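The block underneath contains the structure these notes are about, expressed in structure tokens.
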Amino acid sequence: MDLSFSPEDLAFRDEVRAFIDANYPAHLKGAGPREDLSRDDMLAWHKILGKKGWSAPAWPVEYGGPGWTSVQRYIWSEENARAETIAPLPFWINMVGPVIYTFGTPEQKAQHLPGILSGDVWWCQGYSEPGAGSDLASLRTRAERVTENGKDYYIVNGQKTWTTLAQHADWGFFLVRTDPSAKPQEGISFLLIDMKTPGITVRPIITLGGEHEVNEVWLENVKVPVENRVFHENKGWTCAKFLLAHERTGIAGVARSKRGVERLRDIAKTELDEGQPLIANPFFKRKIAELEVDLAALEYTELRTLAGEASGKGPGPESSLLKVKGTEIQQRLTELTLEAVGHYGAPYFRGFPEDGANMPPIGPEYAHRAAPTYFNMRKTSIYGGSNEIQRNIISKMVLGL
């Protein structure tokens, strides 16, 4: 694999870097986690990219993508990580968007793709349920087909959980059971639902880190037009698998983990251990080195996956490997960061200091987010299909076990 950039790639990198430096909102530079921001702040960068035509790096040109090569997409992720920008929400760009342009009708594409690209329409994901997480095919949310005044609808009843940022959503994409007598994967349909439809209730779930990031969503006799179904009735599992493969590839987060390791090194150079910089401690230095080795291996795997996609091969079992290793690295990174800040990570109050505190955080600026970030990142090995499930996929599809 030739990893050297061509002159054209270097010129593209310079163009991207200059655009970010000139256009990224000044008030968002150095901002905290996305969940601490307002709806408008979370959308600000997405809208700027939408006007530029850069909000969906991997989309085909015919659907509004920029037509970038896999190398250019890699450069784009690297430069955004360098600048610590707020990435456009993946539920739209990496998940429901590709499902709609791959499986949707011309009418669905015309209605929904422009709002996804521009950031004008906020989407949420209705997959997990209280009794159907990693075993998603056991979902119980029902959609019964009815006809009223000559028009066909689904009447949806059920509950979804861990629905990220649903409190802001205009639309949601939901997996529902349309044939309870069929085998689990064969009786599911994929619906697009207007979140303003009567019968939808969104209730917050406050995480251990103190954020209102996720929600439970109740659907009680929600009337959804049949034309809002993507692909065939009872064949929604095809869309679900396609979407999850794209989600798992994005979860790896290689570029941002590399930036996180740089910040960890800076912290370890500042914090002292028995009068010496922590980075001089051979045991801690070894932990960082082991993390960097694993991250480098993951980066090469991601590059091979991008090269495969560039040749027309969609995300396969490699996405499961990226998901497992990427989330393990993210968790180790936050563990080491919390270890590096030492006692400054101990006086942790949920939601502090964003939640109406009237005093500055204790310790250096880099320390006060260490504990909540550590707690928040415990989720990464569970969402997008738990890592245990991903190992089963790898064993079957790669190792043939």
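Residue numbering restarts at 1 for every chain of the structure tokens, chains are lettered A, B, ... in their displayed order, and ligands are numbered from 1 as they appear.
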
- Skip Ser128 of chain A itself and residues of its chain fewer than 4 positions away, then list as JSON, numbers by chain all residues within 8 Å of it, counting only C-alpha atoms. {"A": [132, 133, 134, 136, 139, 160, 161, 162, 163]}

- Message: I'd like the contact shell of segment 178-186 of chain A - 10 Å cut-off, only C-alpha atoms, skipping same-chain residues fewer than 3 positions apart - returned as a PyMOL selection string.
- Response: chain A and resi 136-145+154+156+175+189-190+233-238+240

- Could you check how far atom CA of Leu113 of chain A sits from atom CA of Ile93 of chain A, in Å to one decimal? 9.4 Å

- Task: For segment 273-276 of chain A, list every protein, DNA or RNA residue within 12 Å, evaluated using only C-alpha atoms, and leave out those in the same chain fewer than 4 positions away; present the list as a VMD selection string.
- Result: chain A and resid 267 to 269 280 to 284 339 to 343

- Task: Could you tell me how far atom CA of Val324 of chain A lies from atom CA of Phe173 of chain A, in Å and to one decimal?
- Result: 24.7 Å

- Message: To test your reading of the structure, identify every residue in segment 107-284 of chain A that backbone DSSP assigns to strand (DSSP E or B), and report it as a ChimeraX atom specification.
- Response: /A:123-126,129,132,142-148,151-160,171-177,188-194,200-205,214-225,229-230,235,272-273,276-277

- Query: Could you write out, as a PyMOL selection string, all the residues of segment 196-350 of chain A that DSSP marks as alpha helix (DSSP H)?
  - Reply: chain A and resi 236-251+254-270+282-310+318-341

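Considering only C-alpha atoms, the residue among A:Val99, A:Ile394, A:Leu298, A:Leu264 positioned nearest to Tyr366 of chain A is A:Leu264.
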
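Proximity of A:Leu191, A:Ile205, A:Ala255, A:Ile200 to Asn80 of chain A, computed with only C-alpha atoms, is greatest for A:Ala255.
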
- Contacts of Ala83 of chain A at 8 Å (only C-alpha atoms; same-chain gap of 4+ positions) as a ChimeraX atom specification: /A:20-21,79

- Message: Please list as an MDAnalysis selection string every residue within 10 Å of Leu338 of chain A, counting only C-alpha atoms and excluding residues in the same chain fewer than 6 positions away.
- Response: chainID A and resid 264 332 344:346 367:374

Keeping all heavy atoms for every residue in the selection just given, could you write it to a file as an mmCIF file, in the first residue's frame?
data_model
loop_
_atom_site.group_PDB
_atom_site.id
_atom_site.type_symbol
_atom_site.label_atom_id
_atom_site.label_comp_id
_atom_site.auth_asym_id
_atom_site.auth_seq_id
_atom_site.Cartn_x
_atom_site.Cartn_y
_atom_site.Cartn_z
ATOM 1 N N LEU A 264 -3.109 13.628 25.236
ATOM 2 C CA LEU A 264 -2.661 12.828 26.379
ATOM 3 C C LEU A 264 -1.170 13.015 26.616
ATOM 4 O O LEU A 264 -0.720 13.157 27.766
ATOM 5 C CB LEU A 264 -2.987 11.351 26.137
ATOM 6 C CG LEU A 264 -2.448 10.351 27.166
ATOM 7 C CD1 LEU A 264 -2.985 10.646 28.561
ATOM 8 C CD2 LEU A 264 -2.802 8.921 26.745
ATOM 9 N N ARG A 332 -9.589 2.978 26.212
ATOM 10 C CA ARG A 332 -8.258 3.010 26.830
ATOM 11 C C ARG A 332 -7.713 4.430 26.870
ATOM 12 O O ARG A 332 -7.054 4.826 27.839
ATOM 13 C CB ARG A 332 -7.310 2.089 26.058
ATOM 14 C CG ARG A 332 -7.550 0.600 26.321
ATOM 15 C CD ARG A 332 -6.879 -0.266 25.278
ATOM 16 N NE ARG A 332 -5.440 -0.021 25.173
ATOM 17 C CZ ARG A 332 -4.702 -0.433 24.145
ATOM 18 N NH1 ARG A 332 -5.259 -1.096 23.151
ATOM 19 N NH2 ARG A 332 -3.408 -0.198 24.122
ATOM 20 N N TYR A 344 -7.032 15.469 40.145
ATOM 21 C CA TYR A 344 -7.930 16.472 39.572
ATOM 22 C C TYR A 344 -9.180 15.823 38.962
ATOM 23 O O TYR A 344 -10.200 16.485 38.753
ATOM 24 C CB TYR A 344 -7.215 17.291 38.494
ATOM 25 C CG TYR A 344 -6.163 18.216 39.044
ATOM 26 C CD1 TYR A 344 -4.852 18.137 38.607
ATOM 27 C CD2 TYR A 344 -6.485 19.179 40.000
ATOM 28 C CE1 TYR A 344 -3.875 18.990 39.103
ATOM 29 C CE2 TYR A 344 -5.514 20.034 40.509
ATOM 30 C CZ TYR A 344 -4.210 19.935 40.054
ATOM 31 O OH TYR A 344 -3.260 20.785 40.550
ATOM 32 N N GLY A 345 -9.097 14.537 38.637
ATOM 33 C CA GLY A 345 -10.258 13.846 38.106
ATOM 34 C C GLY A 345 -11.193 13.343 39.180
ATOM 35 O O GLY A 345 -12.311 12.910 38.879
ATOM 36 N N ALA A 346 -10.769 13.407 40.447
ATOM 37 C CA ALA A 346 -11.572 12.856 41.540
ATOM 38 C C ALA A 346 -12.750 13.727 41.949
ATOM 39 O O ALA A 346 -13.852 13.212 42.162
ATOM 40 C CB ALA A 346 -10.680 12.569 42.754
ATOM 41 N N ALA A 367 -8.414 19.141 32.762
ATOM 42 C CA ALA A 367 -8.730 18.063 33.701
ATOM 43 C C ALA A 367 -10.217 17.888 33.961
ATOM 44 O O ALA A 367 -10.673 16.776 34.242
ATOM 45 C CB ALA A 367 -8.011 18.303 35.031
ATOM 46 N N HIS A 368 -11.006 18.972 33.869
ATOM 47 C CA HIS A 368 -12.370 18.874 34.400
ATOM 48 C C HIS A 368 -13.299 18.024 33.546
ATOM 49 O O HIS A 368 -14.356 17.608 34.011
ATOM 50 C CB HIS A 368 -12.965 20.279 34.609
ATOM 51 C CG HIS A 368 -13.375 20.985 33.352
ATOM 52 N ND1 HIS A 368 -12.522 21.759 32.618
ATOM 53 C CD2 HIS A 368 -14.569 21.026 32.710
ATOM 54 C CE1 HIS A 368 -13.162 22.249 31.574
ATOM 55 N NE2 HIS A 368 -14.396 21.824 31.607
ATOM 56 N N ARG A 369 -12.921 17.741 32.268
ATOM 57 C CA ARG A 369 -13.747 16.859 31.436
ATOM 58 C C ARG A 369 -13.267 15.420 31.452
ATOM 59 O O ARG A 369 -13.897 14.549 30.849
ATOM 60 C CB ARG A 369 -13.754 17.363 29.992
ATOM 61 C CG ARG A 369 -14.560 18.602 29.720
ATOM 62 C CD ARG A 369 -16.035 18.463 29.986
ATOM 63 N NE ARG A 369 -16.643 17.267 29.433
ATOM 64 C CZ ARG A 369 -17.923 16.941 29.562
ATOM 65 N NH1 ARG A 369 -18.718 17.735 30.253
ATOM 66 N NH2 ARG A 369 -18.413 15.848 29.038
ATOM 67 N N ALA A 370 -12.176 15.132 32.145
ATOM 68 C CA ALA A 370 -11.607 13.786 32.089
ATOM 69 C C ALA A 370 -12.568 12.736 32.636
ATOM 70 O O ALA A 370 -12.777 11.684 32.018
ATOM 71 C CB ALA A 370 -10.278 13.748 32.846
ATOM 72 N N ALA A 371 -13.161 12.996 33.795
ATOM 73 C CA ALA A 371 -14.053 12.001 34.400
ATOM 74 C C ALA A 371 -15.352 11.823 33.613
ATOM 75 O O ALA A 371 -15.723 10.686 33.284
ATOM 76 C CB ALA A 371 -14.342 12.367 35.859
ATOM 77 N N PRO A 372 -16.086 12.917 33.282
ATOM 78 C CA PRO A 372 -17.312 12.693 32.513
ATOM 79 C C PRO A 372 -17.070 12.053 31.149
ATOM 80 O O PRO A 372 -17.877 11.249 30.683
ATOM 81 C CB PRO A 372 -17.919 14.098 32.388
ATOM 82 C CG PRO A 372 -16.860 15.046 32.787
ATOM 83 C CD PRO A 372 -15.948 14.327 33.698
ATOM 84 N N THR A 373 -15.951 12.400 30.505
ATOM 85 C CA THR A 373 -15.645 11.768 29.217
ATOM 86 C C THR A 373 -15.363 10.284 29.404
ATOM 87 O O THR A 373 -15.817 9.444 28.613
ATOM 88 C CB THR A 373 -14.443 12.456 28.551
ATOM 89 O OG1 THR A 373 -14.727 13.841 28.371
ATOM 90 C CG2 THR A 373 -14.131 11.820 27.207
ATOM 91 N N TYR A 374 -14.628 9.946 30.450
ATOM 92 C CA TYR A 374 -14.364 8.539 30.761
ATOM 93 C C TYR A 374 -15.678 7.781 30.937
ATOM 94 O O TYR A 374 -15.878 6.708 30.356
ATOM 95 C CB TYR A 374 -13.510 8.434 32.022
ATOM 96 C CG TYR A 374 -13.484 7.042 32.619
ATOM 97 C CD1 TYR A 374 -12.629 6.070 32.117
ATOM 98 C CD2 TYR A 374 -14.325 6.705 33.673
ATOM 99 C CE1 TYR A 374 -12.618 4.794 32.647
ATOM 100 C CE2 TYR A 374 -14.323 5.438 34.215
ATOM 101 C CZ TYR A 374 -13.463 4.472 33.708
ATOM 102 O OH TYR A 374 -13.467 3.212 34.227
#

- Query: For Lys258 of chain A, which residue out of A:Pro225, A:Gly326, A:Pro130, A:Gly172 is the nearest one, using only C-alpha atoms?
  - Reply: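 Comparing A:Pro225, A:Gly326, A:Pro130, A:Gly172 against Lys258 of chain A, the winner is A:Gly326.
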
- Item | Distance criterion (only C-alpha atoms): nearest to Ile116 of chain A out of A:Lys323, A:Arg39, A:Lys285, A:Lys47 |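 Ranked by minimum distance to Ile116 of chain A, first place goes to A:Lys47.
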
- Task: Identify which of the residues A:Ala252, A:Val398, A:Leu117, A:Leu243 lies closest to Glu302 of chain A, counting only C-alpha atoms when measuring atom-to-atom distances.
- Result: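 Counting only C-alpha atoms, the residue closest to Glu302 of chain A is A:Ala252.
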
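Compared by their closest atoms to Pro198 of chain A, and using only C-alpha atoms, the residues A:Leu291, A:Asn215, A:Asn157, A:Pro57 rank with A:Asn157 nearest.
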